[in-house]
file final.cif (mmCIF, C-alpha atoms; chains and numbers go by the auth columns)
data_my_file
#
loop_
_atom_site.group_PDB
_atom_site.id
_atom_site.type_symbol
_atom_site.label_atom_id
_atom_site.label_comp_id
_atom_site.label_asym_id
_atom_site.label_seq_id
_atom_site.Cartn_x
_atom_site.Cartn_y
_atom_site.Cartn_z
_atom_site.B_iso_or_equiv
_atom_site.auth_seq_id
_atom_site.auth_asym_id
ATOM 1 C CA MET A 1 -53.612 -4.358 109.899 0.00 1 A
ATOM 2 C CA LEU A 2 -54.541 -1.766 107.284 0.00 2 A
ATOM 3 C CA ALA A 3 -58.162 -2.917 107.216 0.00 3 A
ATOM 4 C CA GLN A 4 -58.319 -2.784 111.023 0.00 4 A
ATOM 5 C CA LEU A 5 -56.991 0.801 110.981 0.00 5 A
ATOM 6 C CA TYR A 6 -59.635 1.780 108.451 0.00 6 A
ATOM 7 C CA ARG A 7 -62.300 0.068 110.557 0.00 7 A
ATOM 8 C CA LEU A 8 -61.272 2.109 113.592 0.00 8 A
ATOM 9 C CA TYR A 9 -60.573 5.445 111.900 0.00 9 A
ATOM 10 C CA PHE A 10 -63.700 5.469 109.743 0.00 10 A
ATOM 11 C CA GLN A 11 -65.827 3.846 112.471 0.00 11 A
ATOM 12 C CA ILE A 12 -66.968 0.927 110.332 0.00 12 A
ATOM 13 C CA GLU A 13 -69.511 -1.193 112.161 0.00 13 A
ATOM 14 C CA ILE A 14 -67.887 -4.606 111.721 0.00 14 A
ATOM 15 C CA ALA A 15 -66.758 -6.847 114.550 0.00 15 A
ATOM 16 C CA GLN A 16 -62.997 -6.855 115.012 0.00 16 A
ATOM 17 C CA ASP A 17 -62.741 -10.573 114.236 0.00 17 A
ATOM 18 C CA LYS A 18 -64.894 -10.228 111.081 0.00 18 A
ATOM 19 C CA VAL A 19 -62.697 -7.707 109.243 0.00 19 A
ATOM 20 C CA TYR A 20 -61.549 -8.870 105.817 0.00 20 A
ATOM 21 C CA TYR A 21 -59.397 -6.471 103.831 0.00 21 A
ATOM 22 C CA LYS A 22 -60.995 -7.321 100.490 0.00 22 A
ATOM 23 C CA GLN A 23 -64.360 -6.381 102.011 0.00 23 A
ATOM 24 C CA ILE A 24 -63.096 -3.128 103.568 0.00 24 A
ATOM 25 C CA PHE A 25 -61.450 -1.971 100.327 0.00 25 A
ATOM 26 C CA ASN A 26 -64.188 -3.126 97.978 0.00 26 A
ATOM 27 C CA PRO A 27 -65.311 0.136 96.304 0.00 27 A
ATOM 28 C CA LEU A 28 -68.803 -1.330 95.821 0.00 28 A
ATOM 29 C CA SER A 29 -69.209 -1.946 99.549 0.00 29 A
ATOM 30 C CA PRO A 30 -71.220 0.621 101.505 0.00 30 A
ATOM 31 C CA HIS A 31 -68.415 0.613 104.094 0.00 31 A
ATOM 32 C CA SER A 32 -66.089 2.357 101.646 0.00 32 A
ATOM 33 C CA ASN A 33 -68.346 5.376 101.031 0.00 33 A
ATOM 34 C CA LYS A 34 -66.296 7.460 103.487 0.00 34 A
ATOM 35 C CA TYR A 35 -63.043 6.756 101.622 0.00 35 A
ATOM 36 C CA LYS A 36 -64.187 5.836 98.099 0.00 36 A
ATOM 37 C CA ASP A 37 -61.115 7.192 96.260 0.00 37 A
ATOM 38 C CA LYS A 38 -58.700 5.379 98.577 0.00 38 A
ATOM 39 C CA ALA A 39 -60.800 2.191 98.379 0.00 39 A
ATOM 40 C CA ASN A 40 -60.547 2.309 94.577 0.00 40 A
ATOM 41 C CA GLU A 41 -56.797 2.896 94.750 0.00 41 A
ATOM 42 C CA ILE A 42 -56.158 0.078 97.230 0.00 42 A
ATOM 43 C CA ASN A 43 -58.537 -2.294 95.445 0.00 43 A
ATOM 44 C CA ASP A 44 -56.735 -1.619 92.158 0.00 44 A
ATOM 45 C CA TYR A 45 -53.427 -2.453 93.857 0.00 45 A
ATOM 46 C CA LEU A 46 -54.826 -5.653 95.377 0.00 46 A
ATOM 47 C CA ASN A 47 -56.070 -6.811 91.961 0.00 47 A
ATOM 48 C CA GLU A 48 -53.105 -5.797 89.792 0.00 48 A
ATOM 49 C CA ASP A 49 -52.126 -8.233 87.067 0.00 49 A
ATOM 50 C CA ASN A 50 -48.744 -9.867 87.470 0.00 50 A
ATOM 51 C CA ASN A 51 -45.981 -8.082 85.554 0.00 51 A
ATOM 52 C CA THR A 52 -42.318 -8.588 86.399 0.00 52 A
ATOM 53 C CA ASN A 53 -41.032 -7.437 83.003 0.00 53 A
ATOM 54 C CA ILE A 54 -40.788 -3.796 84.041 0.00 54 A
ATOM 55 C CA ASP A 55 -38.158 -1.652 85.688 0.00 55 A
ATOM 56 C CA GLY A 56 -38.668 -0.629 89.301 0.00 56 A
ATOM 57 C CA VAL A 57 -41.560 -1.928 91.370 0.00 57 A
ATOM 58 C CA TRP A 58 -43.190 -4.969 89.845 0.00 58 A
ATOM 59 C CA LYS A 59 -46.956 -5.193 89.377 0.00 59 A
ATOM 60 C CA GLY A 60 -49.128 -7.822 91.025 0.00 60 A
ATOM 61 C CA ASN A 61 -46.946 -8.248 94.091 0.00 61 A
ATOM 62 C CA HIS A 62 -49.872 -8.551 96.485 0.00 62 A
ATOM 63 C CA LYS A 63 -51.589 -11.255 94.452 0.00 63 A
ATOM 64 C CA PHE A 64 -48.319 -13.177 94.192 0.00 64 A
ATOM 65 C CA VAL A 65 -47.536 -12.909 97.916 0.00 65 A
ATOM 66 C CA ASN A 66 -51.111 -13.789 98.874 0.00 66 A
ATOM 67 C CA GLU A 67 -51.075 -16.847 96.615 0.00 67 A
ATOM 68 C CA CYS A 68 -47.718 -17.914 98.049 0.00 68 A
ATOM 69 C CA ARG A 69 -49.090 -17.559 101.575 0.00 69 A
ATOM 70 C CA ASN A 70 -52.213 -19.553 100.666 0.00 70 A
ATOM 71 C CA LYS A 71 -50.130 -22.332 99.123 0.00 71 A
ATOM 72 C CA MET A 72 -47.974 -22.533 102.219 0.00 72 A
ATOM 73 C CA THR A 73 -50.966 -22.533 104.533 0.00 73 A
ATOM 74 C CA HIS A 74 -53.408 -24.736 102.660 0.00 74 A
ATOM 75 C CA ARG A 75 -51.496 -26.914 100.192 0.00 75 A
ATOM 76 C CA ASN A 76 -47.766 -27.293 100.094 0.00 76 A
ATOM 77 C CA SER A 77 -44.675 -25.267 100.705 0.00 77 A
ATOM 78 C CA PRO A 78 -43.798 -22.872 97.876 0.00 78 A
ATOM 79 C CA ASN A 79 -40.174 -23.720 98.670 0.00 79 A
ATOM 80 C CA ILE A 80 -40.552 -27.283 97.388 0.00 80 A
ATOM 81 C CA ALA A 81 -40.838 -28.170 93.710 0.00 81 A
ATOM 82 C CA VAL A 82 -44.036 -30.202 93.269 0.00 82 A
ATOM 83 C CA MET A 83 -46.039 -31.593 90.385 0.00 83 A
ATOM 84 C CA SER A 84 -49.279 -33.203 91.483 0.00 84 A
ATOM 85 C CA ASP A 85 -52.948 -33.447 90.532 0.00 85 A
ATOM 86 C CA PHE A 86 -53.831 -30.296 92.449 0.00 86 A
ATOM 87 C CA ASP A 87 -50.758 -28.093 92.049 0.00 87 A
ATOM 88 C CA ILE A 88 -47.662 -27.409 90.018 0.00 88 A
ATOM 89 C CA ASN A 89 -45.050 -25.492 91.923 0.00 89 A
ATOM 90 C CA PHE A 90 -41.510 -24.683 90.918 0.00 90 A
ATOM 91 C CA LYS A 91 -39.395 -23.221 93.658 0.00 91 A
ATOM 92 C CA PRO A 92 -38.624 -19.552 92.954 0.00 92 A
ATOM 93 C CA HIS A 93 -35.262 -18.100 93.835 0.00 93 A
ATOM 94 C CA PRO A 94 -35.229 -16.574 97.364 0.00 94 A
ATOM 95 C CA SER A 95 -34.265 -13.150 96.012 0.00 95 A
ATOM 96 C CA PHE A 96 -37.349 -13.246 93.751 0.00 96 A
ATOM 97 C CA LEU A 97 -39.574 -13.974 96.761 0.00 97 A
ATOM 98 C CA LEU A 98 -37.875 -11.314 98.876 0.00 98 A
ATOM 99 C CA LYS A 99 -38.302 -8.629 96.220 0.00 99 A
ATOM 100 C CA ARG A 100 -42.005 -9.355 95.871 0.00 100 A
ATOM 101 C CA ILE A 101 -42.630 -9.560 99.618 0.00 101 A
ATOM 102 C CA ILE A 102 -40.666 -6.388 100.379 0.00 102 A
ATOM 103 C CA GLU A 103 -42.396 -4.420 97.629 0.00 103 A
ATOM 104 C CA ASP A 104 -45.827 -5.553 98.844 0.00 104 A
ATOM 105 C CA TYR A 105 -44.881 -4.705 102.439 0.00 105 A
ATOM 106 C CA ASN A 106 -43.653 -1.288 101.328 0.00 106 A
ATOM 107 C CA VAL A 107 -46.998 -0.473 99.683 0.00 107 A
ATOM 108 C CA ALA A 108 -48.929 -1.666 102.745 0.00 108 A
ATOM 109 C CA SER A 109 -46.667 0.417 105.014 0.00 109 A
ATOM 110 C CA LYS A 110 -47.277 3.502 102.881 0.00 110 A
ATOM 111 C CA TYR A 111 -51.044 3.064 103.177 0.00 111 A
ATOM 112 C CA ILE A 112 -50.791 2.335 106.899 0.00 112 A
ATOM 113 C CA SER A 113 -48.764 5.499 107.542 0.00 113 A
ATOM 114 C CA GLU A 114 -51.411 7.650 105.852 0.00 114 A
ATOM 115 C CA ILE A 115 -53.919 7.132 108.692 0.00 115 A
ATOM 116 C CA PRO A 116 -51.700 8.445 111.561 0.00 116 A
ATOM 117 C CA ASP A 117 -50.540 11.265 109.278 0.00 117 A
ATOM 118 C CA GLU A 118 -54.146 12.242 108.619 0.00 118 A
ATOM 119 C CA ILE A 119 -54.971 12.057 112.333 0.00 119 A
ATOM 120 C CA GLU A 120 -51.976 14.265 113.099 0.00 120 A
ATOM 121 C CA ASP A 121 -53.072 16.810 110.466 0.00 121 A
ATOM 122 C CA VAL A 122 -56.586 16.949 111.928 0.00 122 A
ATOM 123 C CA ILE A 123 -55.289 17.351 115.487 0.00 123 A
ATOM 124 C CA LEU A 124 -52.808 20.058 114.507 0.00 124 A
ATOM 125 C CA ASN A 125 -55.457 21.865 112.493 0.00 125 A
ATOM 126 C CA ASP A 126 -57.896 21.718 115.420 0.00 126 A
ATOM 127 C CA PHE A 127 -55.171 22.907 117.787 0.00 127 A
ATOM 128 C CA ASN A 128 -54.327 25.842 115.495 0.00 128 A
ATOM 129 C CA LEU A 129 -58.005 26.797 115.277 0.00 129 A
ATOM 130 C CA ILE A 130 -58.366 26.717 119.056 0.00 130 A
ATOM 131 C CA ASP A 131 -55.085 28.526 119.624 0.00 131 A
ATOM 132 C CA GLY A 132 -56.007 31.182 117.064 0.00 132 A
ATOM 133 C CA ASN A 133 -52.892 30.620 114.971 0.00 133 A
ATOM 134 C CA GLU A 134 -54.783 30.315 111.725 0.00 134 A
#

call {"tool": "encode", "arguments": {"input": "final.cif", "output": "structure tokens"}}
result
Amino acid sequence: MLAQLYRLYFQIEIAQDKVYYKQIFNPLSPHSNKYKDKANEINDYLNEDNNTNIDGVWKGNHKFVNECRNKMTHRNSPNIAVMSDFDINFKPHPSFLLKRIIEDYNVASKYISEIPDEIEDVILNDFNLIDGNE
């Protein structure tokens, strides 16, 4: 959803069904020239190393959640303990999963809310310029 918002707001010439968030937020991509600082920030978040030995928000939540989603979609359920030739999976406690998912969702929501906030600032600024209030 975040990548689609960036595609629309920054008028990135990519077909709607060809939008991949790792491509949109790749700071080396020419698409990110209009929002280079934010692309670096989001890319850094997407590629954080896993660290749950800290207080507060854990690091690497997106990678963890993405890997969990990929396991569920392409291999086996992360809710089942498995030891096989292609995967070793020990079922994490539900509260562990919830914390990671909620923290990742919270970061995505923060980034998503920045676009409408920026649009609102631009509109209000334009309105004030037209109205002569500035």

call {"tool": "closest_residue", "arguments": {"input": "final.cif", "among": "A:Ile24, A:Val57, A:Leu124, A:Cys68", "to": "A:Lys38", "atoms": "all atoms listed in the file"}}
result
A:Ile24

call {"tool": "closest_residue", "arguments": {"input": "final.cif", "among": "A:Ala81, A:Phe127, A:Tyr21, A:Tyr9", "to": "A:His93", "atoms": "all atoms listed in the file"}}
result
A:Ala81

call {"tool": "resolve_selection", "arguments": {"input": "final.cif", "expression": "the PyMOL selection byres ((chain A and resi 12) around 12)", "output": "number ranges by chain"}}
result
A: 3-11, 13-16, 18-19, 23-25, 29-35

call {"tool": "atom_distance", "arguments": {"input": "final.cif", "atom1": "atom CA of A:Ala108", "atom2": "atom CA of A:Ile42"}}
result
9.3 Å

call {"tool": "atom_distance", "arguments": {"input": "final.cif", "atom1": "atom CA of A:Glu120", "atom2": "atom CA of A:Met1"}}
result
19.0 Å

call {"tool": "axis_aligned_box", "arguments": {"input": "final.cif", "around": "stretch 126-129 of chain A", "padding_each_side": "4 Å", "output": "AutoDock Vina command-line options"}}
result
--center_x -56.2 --center_y 24.3 --center_z 116.5 --size_x 11.7 --size_y 13.1 --size_z 10.5

call {"tool": "closest_residue", "arguments": {"input": "final.cif", "among": "A:Asp17, A:Asp126, A:Asp117, A:Asp104", "to": "A:Val65", "atoms": "only C-alpha atoms"}}
result
A:Asp104

call {"tool": "atom_distance", "arguments": {"input": "final.cif", "atom1": "atom CA of A:Asp55", "atom2": "atom CA of A:Arg100"}}
result
13.3 Å

call {"tool": "closest_residue", "arguments": {"input": "final.cif", "among": "A:Met83, A:Ser113, A:Leu97, A:Leu2", "to": "A:Trp58", "atoms": "all atoms listed in the file"}}
result
A:Leu97

call {"tool": "residues_around", "arguments": {"input": "final.cif", "residues": "A:His62", "least_positions_apart": "3", "cutoff": "10 Å", "atoms": "all atoms listed in the file", "output": "ChimeraX atom specification"}}
result
/A:45-50,59,65-68,100-101,103-105,107-108

call {"tool": "write_last_selection", "arguments": {"input": "final.cif", "atoms": "C-alpha atoms", "output": "PDB file, in the frame of the given file"}}
result
ATOM      1  CA  TYR A  45     -53.427  -2.453  93.857  1.00  0.00           C
ATOM      2  CA  LEU A  46     -54.826  -5.653  95.377  1.00  0.00           C
ATOM      3  CA  ASN A  47     -56.070  -6.811  91.961  1.00  0.00           C
ATOM      4  CA  GLU A  48     -53.105  -5.797  89.792  1.00  0.00           C
ATOM      5  CA  ASP A  49     -52.126  -8.233  87.067  1.00  0.00           C
ATOM      6  CA  ASN A  50     -48.744  -9.867  87.470  1.00  0.00           C
ATOM      7  CA  LYS A  59     -46.956  -5.193  89.377  1.00  0.00           C
ATOM      8  CA  VAL A  65     -47.536 -12.909  97.916  1.00  0.00           C
ATOM      9  CA  ASN A  66     -51.111 -13.789  98.874  1.00  0.00           C
ATOM     10  CA  GLU A  67     -51.075 -16.847  96.615  1.00  0.00           C
ATOM     11  CA  CYS A  68     -47.718 -17.914  98.049  1.00  0.00           C
ATOM     12  CA  ARG A 100     -42.005  -9.355  95.871  1.00  0.00           C
ATOM     13  CA  ILE A 101     -42.630  -9.560  99.618  1.00  0.00           C
ATOM     14  CA  GLU A 103     -42.396  -4.420  97.629  1.00  0.00           C
ATOM     15  CA  ASP A 104     -45.827  -5.553  98.844  1.00  0.00           C
ATOM     16  CA  TYR A 105     -44.881  -4.705 102.439  1.00  0.00           C
ATOM     17  CA  VAL A 107     -46.998  -0.473  99.683  1.00  0.00           C
ATOM     18  CA  ALA A 108     -48.929  -1.666 102.745  1.00  0.00           C
TER      19      ALA A 108
END

call {"tool": "build_atoms", "arguments": {"input": "final.cif", "residues": "stretch 109-120 of chain A", "atoms": "all heavy atoms", "output": "tab-separated table (two decimals), in the frame of the given file"}}
result
chain	number	residue	atom	x	y	z
A	109	SER	N	-47.19	-0.54	104.03
A	109	SER	CA	-46.67	0.42	105.01
A	109	SER	C	-47.02	1.85	104.64
A	109	SER	O	-47.33	2.66	105.50
A	109	SER	CB	-45.16	0.28	105.15
A	109	SER	OG	-44.83	-0.97	105.66
A	110	LYS	N	-46.93	2.16	103.36
A	110	LYS	CA	-47.28	3.50	102.88
A	110	LYS	C	-48.75	3.81	103.19
A	110	LYS	O	-49.07	4.87	103.74
A	110	LYS	CB	-47.03	3.62	101.38
A	110	LYS	CG	-47.39	4.99	100.80
A	110	LYS	CD	-47.31	4.99	99.29
A	110	LYS	CE	-48.52	4.40	98.73
A	110	LYS	NZ	-49.42	4.98	97.89
A	111	TYR	N	-49.62	2.86	102.89
A	111	TYR	CA	-51.04	3.06	103.18
A	111	TYR	C	-51.31	3.14	104.68
A	111	TYR	O	-52.14	3.93	105.13
A	111	TYR	CB	-51.90	1.96	102.55
A	111	TYR	CG	-52.02	2.06	101.05
A	111	TYR	CD1	-51.78	0.96	100.24
A	111	TYR	CD2	-52.37	3.25	100.43
A	111	TYR	CE1	-51.89	1.04	98.86
A	111	TYR	CE2	-52.49	3.34	99.05
A	111	TYR	CZ	-52.24	2.23	98.28
A	111	TYR	OH	-52.37	2.32	96.91
A	112	ILE	N	-50.61	2.32	105.44
A	112	ILE	CA	-50.79	2.34	106.90
A	112	ILE	C	-50.36	3.68	107.48
A	112	ILE	O	-51.02	4.22	108.36
A	112	ILE	CB	-50.02	1.16	107.55
A	112	ILE	CG1	-50.74	-0.15	107.25
A	112	ILE	CG2	-49.87	1.37	109.05
A	112	ILE	CD1	-49.96	-1.39	107.65
A	113	SER	N	-49.27	4.23	106.99
A	113	SER	CA	-48.76	5.50	107.54
A	113	SER	C	-49.68	6.68	107.22
A	113	SER	O	-49.62	7.71	107.90
A	113	SER	CB	-47.35	5.77	107.03
A	113	SER	OG	-47.36	6.11	105.67
A	114	GLU	N	-50.52	6.55	106.22
A	114	GLU	CA	-51.41	7.65	105.85
A	114	GLU	C	-52.44	7.95	106.94
A	114	GLU	O	-52.82	9.11	107.14
A	114	GLU	CB	-52.12	7.35	104.53
A	114	GLU	CG	-51.20	7.41	103.34
A	114	GLU	CD	-51.87	6.98	102.04
A	114	GLU	OE1	-53.05	6.56	102.07
A	114	GLU	OE2	-51.19	7.06	100.99
A	115	ILE	N	-52.89	6.93	107.65
A	115	ILE	CA	-53.92	7.13	108.69
A	115	ILE	C	-53.36	7.96	109.85
A	115	ILE	O	-53.94	9.00	110.20
A	115	ILE	CB	-54.50	5.79	109.17
A	115	ILE	CG1	-55.22	5.08	108.02
A	115	ILE	CG2	-55.43	5.98	110.35
A	115	ILE	CD1	-56.48	5.75	107.53
A	116	PRO	N	-52.24	7.59	110.49
A	116	PRO	CA	-51.70	8.44	111.56
A	116	PRO	C	-51.34	9.85	111.07
A	116	PRO	O	-51.51	10.82	111.80
A	116	PRO	CB	-50.46	7.71	112.05
A	116	PRO	CG	-50.62	6.31	111.60
A	116	PRO	CD	-51.47	6.34	110.38
A	117	ASP	N	-50.86	9.94	109.83
A	117	ASP	CA	-50.54	11.26	109.28
A	117	ASP	C	-51.80	12.12	109.16
A	117	ASP	O	-51.78	13.31	109.48
A	117	ASP	CB	-49.87	11.14	107.90
A	117	ASP	CG	-48.47	10.58	107.97
A	117	ASP	OD1	-47.89	10.52	109.09
A	117	ASP	OD2	-47.94	10.19	106.91
A	118	GLU	N	-52.88	11.51	108.73
A	118	GLU	CA	-54.15	12.24	108.62
A	118	GLU	C	-54.67	12.64	110.00
A	118	GLU	O	-55.16	13.76	110.19
A	118	GLU	CB	-55.19	11.40	107.88
A	118	GLU	CG	-56.44	12.16	107.53
A	118	GLU	CD	-57.38	11.37	106.63
A	118	GLU	OE1	-56.89	10.60	105.78
A	118	GLU	OE2	-58.60	11.54	106.79
A	119	ILE	N	-54.56	11.75	110.97
A	119	ILE	CA	-54.97	12.06	112.33
A	119	ILE	C	-54.15	13.22	112.87
A	119	ILE	O	-54.70	14.16	113.48
A	119	ILE	CB	-54.84	10.81	113.25
A	119	ILE	CG1	-55.86	9.75	112.83
A	119	ILE	CG2	-55.00	11.19	114.72
A	119	ILE	CD1	-55.65	8.40	113.49
A	120	GLU	N	-52.85	13.19	112.64
A	120	GLU	CA	-51.98	14.26	113.10
A	120	GLU	C	-52.37	15.60	112.45
A	120	GLU	O	-52.43	16.63	113.13
A	120	GLU	CB	-50.52	13.94	112.77
A	120	GLU	CG	-49.54	14.99	113.24
A	120	GLU	CD	-48.11	14.66	112.88
A	120	GLU	OE1	-47.88	13.90	111.91
A	120	GLU	OE2	-47.22	15.17	113.57
